[in-house]
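Read the structure below first, then the notes.
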Amino acid sequence: MENAYSFALGAVVISLSVITTWGIMLVLTLIAWLSTRSLKLFPGARQTVFESIVTAIDEAILAVAPEHGRQIMPFIASLWIFLTIANLIGLIPGLHSPTRDLSVTAALAVLVFFSVHWFGIKTQGLKRYLHHYLTPSPILLPFHIISEFTRTLALAIRLFGNMMSLEMAAMLILLVAGFLAPIPILMLHIIEALVQAYIFGMLALIYLAGAIQSQQLNPQE
């Protein structure tokens, strides 16, 4: 975890991970705003690239939650794109991936945790949504509750551990080999960063789909 920080506001320490995270969000917001200002019926190269990204994400979401894909598309797409940039930004000299900071990955996992329940309650209603914790038997209620917290913890630890170990491995190899092996390390970093972003986003998507569609698994209700 990053211990260095840029400045403090009273008792609140503003870490480099926080600054990087907000910087990524601001850049992505600006890109999204600029890319949607002048959409055309016959898109140019830039619009085609953005539309291809959105289409790919949309198809992945619809494959998991075909009936509610449009509802969760904004959240999952934003999460996937943010994680991809956040994982790759460590390739820029002087910057580190904010996802190598446990506080950042924990915040993302908590965001997924609350989003799962929000979409579940919004779709089914509070009573029907809470009922799925009692199925197939009320005896399983404690296990359902424990699983909610353990999978949230696993989300945070998995992303943090993989990104931290990836950057440490790359740094150690560069210290030993110097610039004799920069390209393989660069490709390893890119592939692993994309894989980790995909896994985190896909798990979040599965959790959301499970919460939204849980009532469909219990038609007796």
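In the structure tokens, each chain is lettered A, B, ... as it comes, each chain's residues begin at 1, and ligands are numbered from 1 in order of appearance.
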Requested in this report: List the neighbours of A:Asp58 out to 8 Å using only C-alpha atoms; skip same-chain residues closer than 2 positions along the sequence, and give me the result as a PyMOL selection string.
Outcome: chain A and resi 54-56+60-62+69+73+77
Please save N, CA and C atoms of the selected residues as a compact mmCIF listing (two decimals), in the first residue's frame.
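out.txt written:
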```txt
# COMPACT_ATOMS: atom_id res chain seq x y z
N VAL A 54 -18.23 0.38 -26.53
CA VAL A 54 -19.54 0.32 -25.88
C VAL A 54 -20.30 -0.94 -26.30
N THR A 55 -20.23 -1.27 -27.59
CA THR A 55 -20.92 -2.47 -28.09
C THR A 55 -20.36 -3.74 -27.47
N ALA A 56 -19.04 -3.82 -27.35
CA ALA A 56 -18.41 -5.00 -26.75
C ALA A 56 -18.84 -5.17 -25.29
N ALA A 60 -21.30 -8.18 -23.63
CA ALA A 60 -20.86 -8.97 -22.48
C ALA A 60 -21.88 -8.92 -21.35
N ILE A 61 -22.46 -7.74 -21.14
CA ILE A 61 -23.47 -7.59 -20.08
C ILE A 61 -24.74 -8.33 -20.43
N LEU A 62 -25.20 -8.21 -21.67
CA LEU A 62 -26.43 -8.87 -22.09
C LEU A 62 -26.29 -10.39 -22.06
N GLY A 69 -29.87 -5.83 -18.86
CA GLY A 69 -28.59 -5.31 -19.31
C GLY A 69 -28.56 -3.80 -19.41
N MET A 73 -25.94 -1.41 -17.35
CA MET A 73 -24.90 -1.06 -18.31
C MET A 73 -24.05 0.13 -17.86
N ALA A 77 -20.12 -0.68 -17.19
CA ALA A 77 -19.25 -0.11 -18.21
C ALA A 77 -18.27 0.88 -17.59
```
Query raised in the report: Neighbours of A:Glu51 within 12 Å (only C-alpha atoms; same-chain residues fewer than 5 positions away dropped), as a VMD selection string?
Result: chain A and resid 32 35 to 36 39 to 46 56 to 58
Requested in this report: Find the spatial neighbours of A:Glu167, counting only C-alpha atoms, within a cut-off of 9 Å - ignore same-chain residues fewer than 2 positions away - and output them as a list in words.
Outcome: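 My reading of the contact set: Gly90, His96, Ser97, Arg100, Asn162, Met163, Met164, Ser165, Ala169, Ala170, Met171, Leu172 and His189 of chain A.
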Taking C-alpha atoms for each residue, export the selection above as an mmCIF file, in the first residue's frame.
```cif
data_model
loop_
_atom_site.group_PDB
_atom_site.id
_atom_site.type_symbol
_atom_site.label_atom_id
_atom_site.label_comp_id
_atom_site.auth_asym_id
_atom_site.auth_seq_id
_atom_site.Cartn_x
_atom_site.Cartn_y
_atom_site.Cartn_z
ATOM 1 C CA GLY A 90 1.310 2.419 -13.855
ATOM 2 C CA HIS A 96 1.544 4.021 -9.925
ATOM 3 C CA SER A 97 -1.683 2.141 -10.472
ATOM 4 C CA ARG A 100 -2.129 -1.413 -6.029
ATOM 5 C CA ASN A 162 -2.428 -9.104 -8.172
ATOM 6 C CA MET A 163 -1.644 -5.500 -9.080
ATOM 7 C CA MET A 164 0.843 -5.064 -6.239
ATOM 8 C CA SER A 165 2.671 -8.295 -7.107
ATOM 9 C CA ALA A 169 7.748 -8.299 -10.140
ATOM 10 C CA ALA A 170 8.222 -5.855 -12.996
ATOM 11 C CA MET A 171 10.379 -3.600 -10.820
ATOM 12 C CA LEU A 172 12.571 -6.469 -9.624
ATOM 13 C CA HIS A 189 1.896 -5.695 -17.412
#
```
Requested in this report: Write out as number ranges by chain each polymer residue whose atoms come within 8 Å of A:Phe82, counting only C-alpha atoms; drop sequence neighbours fewer than 6 positions from it.
Outcome: A: 24-25, 28
Written file, previous selection with all heavy atoms, as a CSV table (one decimal), in the first residue's frame:
```
chain,number,residue,atom,x,y,z
A,24,ILE,N,-8.0,10.2,-13.0
A,24,ILE,CA,-8.6,9.3,-14.0
A,24,ILE,C,-10.0,9.5,-14.2
A,24,ILE,O,-10.5,9.6,-15.4
A,24,ILE,CB,-8.3,7.8,-13.5
A,24,ILE,CG1,-6.8,7.5,-13.5
A,24,ILE,CG2,-9.1,6.9,-14.5
A,24,ILE,CD1,-6.5,6.1,-12.9
A,25,MET,N,-10.8,9.7,-13.1
A,25,MET,CA,-12.2,10.0,-13.3
A,25,MET,C,-12.5,11.3,-14.0
A,25,MET,O,-13.4,11.3,-14.9
A,25,MET,CB,-12.9,10.0,-11.9
A,25,MET,CG,-12.9,8.7,-11.2
A,25,MET,SD,-14.0,8.6,-9.7
A,25,MET,CE,-13.1,9.8,-8.6
A,28,LEU,N,-11.7,10.7,-17.8
A,28,LEU,CA,-12.7,9.8,-18.4
A,28,LEU,C,-14.0,10.6,-18.6
A,28,LEU,O,-14.7,10.5,-19.6
A,28,LEU,CB,-13.0,8.6,-17.6
A,28,LEU,CG,-11.9,7.5,-17.5
A,28,LEU,CD1,-12.2,6.4,-16.6
A,28,LEU,CD2,-11.6,7.0,-18.9
```
Query - All helix (DSSP H, G or I) positions in stretch 34-134 of chain A, as a PyMOL selection string - result: chain A and resi 34-35+45-64+69-91+98-100+102-124+126-134
Query raised in the report: Suppose you want the space between atom CA of A:Ala193 and atom CA of A:Ile53; what is it in Å?
Result: 17.1 Å
Requested in this report: Write down as a ChimeraX atom specification the residues of chain A whose backbone DSSP state falls under strand (DSSP E).
Outcome: /A:5-9,12-15
Can you tell me, as a tab-separated table (two decimals) with N, CA and C atoms, in the first residue's frame, what residues are no more than 10 Å from A:Met202 when counting only C-alpha atoms, ignoring any on the same chain fewer than 6 positions away?
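Wrote result.tsv, looks like this:
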```
chain	number	residue	atom	x	y	z
A	60	ALA	N	-21.30	-8.18	-23.63
A	60	ALA	CA	-20.86	-8.97	-22.48
A	60	ALA	C	-21.88	-8.92	-21.35
A	61	ILE	N	-22.46	-7.74	-21.14
A	61	ILE	CA	-23.47	-7.59	-20.08
A	61	ILE	C	-24.74	-8.33	-20.43
A	64	VAL	N	-24.87	-12.04	-19.74
A	64	VAL	CA	-25.05	-12.46	-18.35
A	64	VAL	C	-26.43	-12.07	-17.82
A	76	ILE	N	-21.60	-0.97	-14.82
A	76	ILE	CA	-20.59	-1.96	-15.18
A	76	ILE	C	-19.61	-1.40	-16.21
A	79	LEU	N	-17.26	0.94	-14.51
A	79	LEU	CA	-16.32	0.19	-13.68
A	79	LEU	C	-15.24	-0.46	-14.52
A	80	TRP	N	-15.64	-1.11	-15.62
A	80	TRP	CA	-14.67	-1.77	-16.49
A	80	TRP	C	-13.67	-0.77	-17.09
A	196	GLN	N	-7.08	-8.50	-15.00
A	196	GLN	CA	-7.60	-8.17	-13.68
A	196	GLN	C	-8.80	-7.23	-13.75
A	208	LEU	N	-24.33	-8.58	-9.55
A	208	LEU	CA	-25.49	-7.74	-9.86
A	208	LEU	C	-26.60	-8.56	-10.51
```
Query raised in the report: Using only C-alpha atoms, which residues sit within 9 Å of A:Leu102 once same-chain residues fewer than 3 positions away are excluded, as a VMD selection string?
Result: chain A and resid 1 to 2 98 to 99 105 to 107 156 to 157 159 to 161
